Amino acid sequence: MNTITFPLLNIQLNINKIAFTIFGINVYWYAILIVASLILALLLCKKQDGKYGIKYDDIIDLSIILIPIAFICARLYYVIFNFSNYTNIIDIINVKDGGLAIYGGIIGGVITAYIFCKKRKINILDLLDYIVPFLALGQSIGRWGNFINVEAYGTTTNVPWKMGIQTNAGIEYVHPTFLYESISTFIIFIILMKISKNRKYSGQITYYYLIMYSFIRAIIEGLRIDSLMFYNLRISQVLSIIIFIVFSIVVIRKSRKI
């Protein structure tokens with residue numbers, strides 16, 4: 001049972017990571033939230049059937065392949081940059097307490113989508129523009145799994161909206177970085193849906209997603225205490241900065257051409 005407090009709202013929550021048990025198998029809230037975000041994303045995708053020339057049937061076919069590969073890549077990315085914490089294969093495949101890196105999932109997903117589009121003769125930028133708004137929405141929902149697991153939080157702080165977590169030394173107040181990212185990605189979802197109504201060129205929605213998400217992730221990553229590190233560098237922060245610069249240049253050049 002995890003104890004979480006929000007002094008500003010005078011709230012104290014005692015949350016169990018396990019939602020329920022069926023036939024002796026524990027079902028975790030983390031998994032439920034991930035599955036719920038995927039189902040919601042697919043339902044919303046159905047309403048966009050035919051947009052940018054993309055058929056919903058192709059999205060379903062891609063999802064069957066992409067979802068497990070993206071999940072595996074998200075885990076591998078996390079494990080690779082945290083390898084010293086894993087001593088056996090069981091620990092590596094055990095994700096009930098979290099340990100997924102969104103950038104790993106995005107990288108694996110894009111590669112899978114590229115191969116899929118090559119075989120189906122689909123413009124990959126059109127396909128990515130079709131799905132990335134719902135990726136942002138899924139991230140917004142999925143971050144609440146981090147909240148329940150009491151992970152992906154930030155440094156100690158005294159800001160009014162601080163979050164209290166139970167430690168061996170008592171209650172420690174930290175930045176609720178999971179909440180920062182959840183709110184930010186939901187806003188990104190809203191912005192992308194508005195932009196998608198008047199898309200100027202293939203890839204525009206994808207480029208805007210990468211720019212906005214990398215910008216907020218670079219800031220939030222600087223507050224987290226569980227960042228994946230390479231020597232003294234925060235991997236996700238460095239990657240975010242690179243993505244932000246590269247795709248900002250791409251968008252500026254595209255805009256000038258238009």
# chains A, B, ... in the order shown; residues from 1 in each chain; ligands from 1
>>> select_by_dssp(residues="stretch 83-257 of chain A", states="alpha helix (DSSP H)", output="JSON, numbers by chain")
{"A": [89, 90, 91, 92, 93, 102, 103, 104, 105, 106, 107, 108, 109, 110, 111, 112, 113, 114, 115, 116, 117, 118, 119, 120, 124, 125, 126, 127, 128, 129, 130, 131, 132, 133, 134, 135, 136, 137, 138, 139, 140, 141, 142, 143, 144, 145, 146, 147, 148, 149, 177, 178, 179, 180, 181, 182, 183, 184, 185, 186, 187, 188, 189, 190, 191, 192, 193, 194, 195, 204, 205, 206, 207, 208, 209, 210, 211, 212, 213, 214, 215, 216, 217, 218, 219, 220, 221, 235, 236, 237, 238, 239, 240, 241, 242, 243, 244, 245, 246, 247, 248, 249, 250, 251, 252, 253, 254, 255, 256, 257]}
>>> write_last_selection(atoms="C-alpha atoms", output="CSV table (one decimal), in the first residue's frame")
chain,number,residue,atom,x,y,z
A,89,ILE,CA,16.0,-12.6,-17.0
A,90,ILE,CA,13.1,-12.7,-14.6
A,91,ASP,CA,13.9,-9.2,-13.3
A,92,ILE,CA,14.2,-7.9,-16.9
A,93,ILE,CA,10.8,-9.1,-17.9
A,102,ILE,CA,8.4,6.1,-23.7
A,103,TYR,CA,11.3,7.0,-26.1
A,104,GLY,CA,12.1,3.3,-26.4
A,105,GLY,CA,8.5,2.6,-27.3
A,106,ILE,CA,8.5,5.5,-29.8
A,107,ILE,CA,11.7,4.4,-31.5
A,108,GLY,CA,10.4,0.8,-31.8
A,109,GLY,CA,7.0,1.9,-32.9
A,110,VAL,CA,8.4,4.2,-35.7
A,111,ILE,CA,10.7,1.5,-37.1
A,112,THR,CA,7.8,-1.0,-37.1
A,113,ALA,CA,5.5,1.5,-38.7
A,114,TYR,CA,8.1,2.3,-41.4
A,115,ILE,CA,8.4,-1.4,-42.4
A,116,PHE,CA,4.6,-1.8,-42.3
A,117,CYS,CA,4.1,1.2,-44.6
A,118,LYS,CA,6.7,0.0,-47.0
A,119,LYS,CA,4.9,-3.3,-47.4
A,120,ARG,CA,1.4,-1.6,-47.6
A,124,ILE,CA,4.5,6.9,-43.3
A,125,LEU,CA,4.2,10.6,-42.5
A,126,ASP,CA,0.4,10.4,-43.2
A,127,LEU,CA,0.1,7.4,-41.0
A,128,LEU,CA,2.1,9.0,-38.2
A,129,ASP,CA,0.0,12.2,-38.5
A,130,TYR,CA,-3.1,10.0,-38.1
A,131,ILE,CA,-2.0,8.3,-34.8
A,132,VAL,CA,0.4,10.7,-32.9
A,133,PRO,CA,-2.4,12.8,-31.3
A,134,PHE,CA,-3.7,9.6,-29.7
A,135,LEU,CA,-0.2,8.7,-28.7
A,136,ALA,CA,-0.1,11.9,-26.7
A,137,LEU,CA,-3.5,11.1,-25.1
A,138,GLY,CA,-2.3,7.6,-24.2
A,139,GLN,CA,0.8,9.1,-22.5
A,140,SER,CA,-1.4,11.4,-20.5
A,141,ILE,CA,-3.5,8.5,-19.2
A,142,GLY,CA,-0.5,6.1,-18.8
A,143,ARG,CA,1.4,8.5,-16.5
A,144,TRP,CA,-1.2,7.9,-13.8
A,145,GLY,CA,0.3,4.4,-13.6
A,146,ASN,CA,3.5,6.1,-12.4
A,147,PHE,CA,1.4,7.9,-9.7
A,148,ILE,CA,-0.1,4.7,-8.4
A,149,ASN,CA,3.3,3.0,-8.4
A,177,THR,CA,6.4,15.2,-12.3
A,178,PHE,CA,4.0,12.4,-13.4
A,179,LEU,CA,1.3,15.1,-13.2
A,180,TYR,CA,3.3,17.7,-15.1
A,181,GLU,CA,3.7,15.3,-18.0
A,182,SER,CA,0.1,14.0,-17.8
A,183,ILE,CA,-1.3,17.5,-18.1
A,184,SER,CA,1.3,18.6,-20.7
A,185,THR,CA,0.6,15.6,-23.0
A,186,PHE,CA,-3.2,16.1,-22.7
A,187,ILE,CA,-2.7,19.7,-23.8
A,188,ILE,CA,-0.5,18.5,-26.7
A,189,PHE,CA,-3.3,16.1,-27.7
A,190,ILE,CA,-5.8,19.0,-27.8
A,191,ILE,CA,-3.4,21.2,-29.8
A,192,LEU,CA,-2.7,18.4,-32.3
A,193,MET,CA,-6.4,17.6,-32.9
A,194,LYS,CA,-7.0,21.3,-33.7
A,195,ILE,CA,-4.0,21.5,-36.0
A,204,GLN,CA,3.2,18.4,-39.8
A,205,ILE,CA,1.3,16.8,-36.9
A,206,THR,CA,4.1,14.4,-36.2
A,207,TYR,CA,6.7,17.2,-36.3
A,208,TYR,CA,4.6,19.4,-33.9
A,209,TYR,CA,4.2,16.4,-31.5
A,210,LEU,CA,7.9,15.8,-31.5
A,211,ILE,CA,8.7,19.5,-30.9
A,212,MET,CA,6.2,20.0,-28.1
A,213,TYR,CA,6.8,16.7,-26.3
A,214,SER,CA,10.6,16.9,-26.5
A,215,PHE,CA,10.4,20.5,-25.1
A,216,ILE,CA,8.3,19.6,-22.1
A,217,ARG,CA,10.2,16.3,-21.5
A,218,ALA,CA,13.5,18.1,-21.5
A,219,ILE,CA,12.2,20.4,-18.7
A,220,ILE,CA,10.5,17.7,-16.7
A,221,GLU,CA,13.4,15.3,-17.0
A,235,ILE,CA,19.6,10.2,-21.6
A,236,SER,CA,16.0,11.3,-22.2
A,237,GLN,CA,16.9,15.0,-21.6
A,238,VAL,CA,19.7,14.9,-24.1
A,239,LEU,CA,17.6,13.0,-26.6
A,240,SER,CA,14.7,15.5,-26.1
A,241,ILE,CA,17.0,18.5,-26.8
A,242,ILE,CA,18.3,16.9,-30.0
A,243,ILE,CA,14.8,16.1,-31.2
A,244,PHE,CA,13.6,19.6,-30.4
A,245,ILE,CA,16.4,21.3,-32.3
A,246,VAL,CA,16.2,18.9,-35.3
A,247,PHE,CA,12.5,19.1,-35.8
A,248,SER,CA,12.2,22.8,-35.1
A,249,ILE,CA,14.6,23.3,-38.0
A,250,VAL,CA,12.5,20.9,-40.2
A,251,VAL,CA,9.3,22.8,-39.4
A,252,ILE,CA,10.9,26.2,-40.0
A,253,ARG,CA,12.2,25.0,-43.4
A,254,LYS,CA,8.8,23.5,-44.3
A,255,SER,CA,7.0,26.7,-43.3
A,256,ARG,CA,9.3,28.9,-45.5
A,257,LYS,CA,8.7,26.6,-48.5
>>> atom_distance(atom1="atom CA of A:Tyr173", atom2="atom CA of A:Ile18")
24.1 Å
>>> select_by_dssp(residues="stretch 35-250 of chain A", states="strand (DSSP E or B)", output="number ranges by chain")
A: 154, 156, 163-167, 170-174, 224, 229-230, 233-234
>>> write_last_selection(atoms="C-alpha atoms", output="PDB file, in the first residue's frame")
ATOM      1  CA  GLY A 154      10.801  14.677  -8.914  1.00  0.00           C
ATOM      2  CA  THR A 156      12.170  17.517  -3.065  1.00  0.00           C
ATOM      3  CA  MET A 163       3.200  15.727  -3.431  1.00  0.00           C
ATOM      4  CA  GLY A 164       4.020  13.839  -0.248  1.00  0.00           C
ATOM      5  CA  ILE A 165       5.326  10.285  -0.488  1.00  0.00           C
ATOM      6  CA  GLN A 166       6.107   7.814   2.284  1.00  0.00           C
ATOM      7  CA  THR A 167       9.810   7.063   2.753  1.00  0.00           C
ATOM      8  CA  GLY A 170       8.734   9.726   6.900  1.00  0.00           C
ATOM      9  CA  ILE A 171       6.784  11.892   4.471  1.00  0.00           C
ATOM     10  CA  GLU A 172       8.944  13.532   1.789  1.00  0.00           C
ATOM     11  CA  TYR A 173       7.546  16.287  -0.428  1.00  0.00           C
ATOM     12  CA  VAL A 174       8.467  16.115  -4.107  1.00  0.00           C
ATOM     13  CA  ARG A 224      13.166  13.809 -11.941  1.00  0.00           C
ATOM     14  CA  MET A 229      21.878   8.162 -17.001  1.00  0.00           C
ATOM     15  CA  PHE A 230      24.888   7.800 -19.268  1.00  0.00           C
ATOM     16  CA  LEU A 233      24.058  12.908 -18.774  1.00  0.00           C
ATOM     17  CA  ARG A 234      20.317  12.367 -18.508  1.00  0.00           C
TER      18      ARG A 234
END
>>> residues_around(residues="A:Val95", least_positions_apart="6", cutoff="12 Å", atoms="only C-alpha atoms", output="list in words")
Val27, Tyr28, Tyr30, Ala31, Phe71, Ile72, Ala74, Arg75, Leu76, Tyr78, Val79, Ile89, Ala101, Gly145, Asn146 and Asn149 of chain A
>>> write_last_selection(atoms="N, CA, C and O atoms", output="PDB file, in the first residue's frame")
ATOM      1  N   VAL A  27      -3.732  -8.397 -10.831  1.00  0.00           N
ATOM      2  CA  VAL A  27      -3.892  -7.464 -11.948  1.00  0.00           C
ATOM      3  C   VAL A  27      -3.591  -6.064 -11.413  1.00  0.00           C
ATOM      4  O   VAL A  27      -4.258  -5.592 -10.490  1.00  0.00           O
ATOM      5  N   TYR A  28      -2.583  -5.425 -11.987  1.00  0.00           N
ATOM      6  CA  TYR A  28      -2.096  -4.148 -11.478  1.00  0.00           C
ATOM      7  C   TYR A  28      -2.768  -2.967 -12.181  1.00  0.00           C
ATOM      8  O   TYR A  28      -3.089  -3.024 -13.375  1.00  0.00           O
ATOM      9  N   TYR A  30      -1.353  -0.328 -13.048  1.00  0.00           N
ATOM     10  CA  TYR A  30      -0.428   0.109 -14.101  1.00  0.00           C
ATOM     11  C   TYR A  30      -0.819  -0.524 -15.436  1.00  0.00           C
ATOM     12  O   TYR A  30      -0.914   0.160 -16.464  1.00  0.00           O
ATOM     13  N   ALA A  31      -1.072  -1.831 -15.410  1.00  0.00           N
ATOM     14  CA  ALA A  31      -1.453  -2.554 -16.629  1.00  0.00           C
ATOM     15  C   ALA A  31      -2.832  -2.122 -17.120  1.00  0.00           C
ATOM     16  O   ALA A  31      -3.056  -1.962 -18.323  1.00  0.00           O
ATOM     17  N   PHE A  71       6.069  -2.056 -26.774  1.00  0.00           N
ATOM     18  CA  PHE A  71       6.147  -2.395 -25.350  1.00  0.00           C
ATOM     19  C   PHE A  71       7.507  -3.009 -25.024  1.00  0.00           C
ATOM     20  O   PHE A  71       8.162  -2.631 -24.044  1.00  0.00           O
ATOM     21  N   ILE A  72       7.934  -3.956 -25.857  1.00  0.00           N
ATOM     22  CA  ILE A  72       9.232  -4.613 -25.649  1.00  0.00           C
ATOM     23  C   ILE A  72      10.370  -3.593 -25.754  1.00  0.00           C
ATOM     24  O   ILE A  72      11.299  -3.589 -24.936  1.00  0.00           O
ATOM     25  N   ALA A  74      10.213  -0.364 -25.275  1.00  0.00           N
ATOM     26  CA  ALA A  74      10.154   0.552 -24.135  1.00  0.00           C
ATOM     27  C   ALA A  74      10.846  -0.066 -22.917  1.00  0.00           C
ATOM     28  O   ALA A  74      11.546   0.613 -22.159  1.00  0.00           O
ATOM     29  N   ARG A  75      10.658  -1.365 -22.754  1.00  0.00           N
ATOM     30  CA  ARG A  75      11.301  -2.069 -21.648  1.00  0.00           C
ATOM     31  C   ARG A  75      12.810  -2.210 -21.877  1.00  0.00           C
ATOM     32  O   ARG A  75      13.616  -1.969 -20.976  1.00  0.00           O
ATOM     33  N   LEU A  76      13.194  -2.583 -23.091  1.00  0.00           N
ATOM     34  CA  LEU A  76      14.612  -2.757 -23.406  1.00  0.00           C
ATOM     35  C   LEU A  76      15.391  -1.455 -23.233  1.00  0.00           C
ATOM     36  O   LEU A  76      16.509  -1.449 -22.705  1.00  0.00           O
ATOM     37  N   TYR A  78      14.706   0.963 -21.236  1.00  0.00           N
ATOM     38  CA  TYR A  78      14.846   1.208 -19.794  1.00  0.00           C
ATOM     39  C   TYR A  78      15.915   0.300 -19.183  1.00  0.00           C
ATOM     40  O   TYR A  78      16.750   0.745 -18.395  1.00  0.00           O
ATOM     41  N   VAL A  79      15.881  -0.970 -19.570  1.00  0.00           N
ATOM     42  CA  VAL A  79      16.820  -1.942 -18.998  1.00  0.00           C
ATOM     43  C   VAL A  79      18.257  -1.639 -19.416  1.00  0.00           C
ATOM     44  O   VAL A  79      19.186  -1.718 -18.600  1.00  0.00           O
ATOM     45  N   ILE A  89      17.045 -12.790 -15.985  1.00  0.00           N
ATOM     46  CA  ILE A  89      16.025 -12.558 -17.002  1.00  0.00           C
ATOM     47  C   ILE A  89      14.658 -12.291 -16.389  1.00  0.00           C
ATOM     48  O   ILE A  89      13.844 -11.533 -16.937  1.00  0.00           O
ATOM     49  N   ALA A 101      10.222   2.981 -20.799  1.00  0.00           N
ATOM     50  CA  ALA A 101      10.702   4.282 -21.261  1.00  0.00           C
ATOM     51  C   ALA A 101       9.991   4.638 -22.561  1.00  0.00           C
ATOM     52  O   ALA A 101      10.111   3.914 -23.550  1.00  0.00           O
ATOM     53  N   GLY A 145      -0.283   5.642 -14.060  1.00  0.00           N
ATOM     54  CA  GLY A 145       0.271   4.385 -13.564  1.00  0.00           C
ATOM     55  C   GLY A 145       1.516   4.654 -12.730  1.00  0.00           C
ATOM     56  O   GLY A 145       1.767   3.968 -11.727  1.00  0.00           O
ATOM     57  N   ASN A 146       2.306   5.660 -13.144  1.00  0.00           N
ATOM     58  CA  ASN A 146       3.474   6.064 -12.359  1.00  0.00           C
ATOM     59  C   ASN A 146       3.052   6.618 -10.999  1.00  0.00           C
ATOM     60  O   ASN A 146       3.725   6.402  -9.990  1.00  0.00           O
ATOM     61  N   ASN A 149       2.141   3.709  -8.756  1.00  0.00           N
ATOM     62  CA  ASN A 149       3.350   2.970  -8.380  1.00  0.00           C
ATOM     63  C   ASN A 149       4.325   3.811  -7.560  1.00  0.00           C
ATOM     64  O   ASN A 149       5.348   3.301  -7.105  1.00  0.00           O
TER      65      ASN A 149
END
>>> atom_distance(atom1="atom CA of A:Asn82", atom2="atom CA of A:Gly99")
9.5 Å
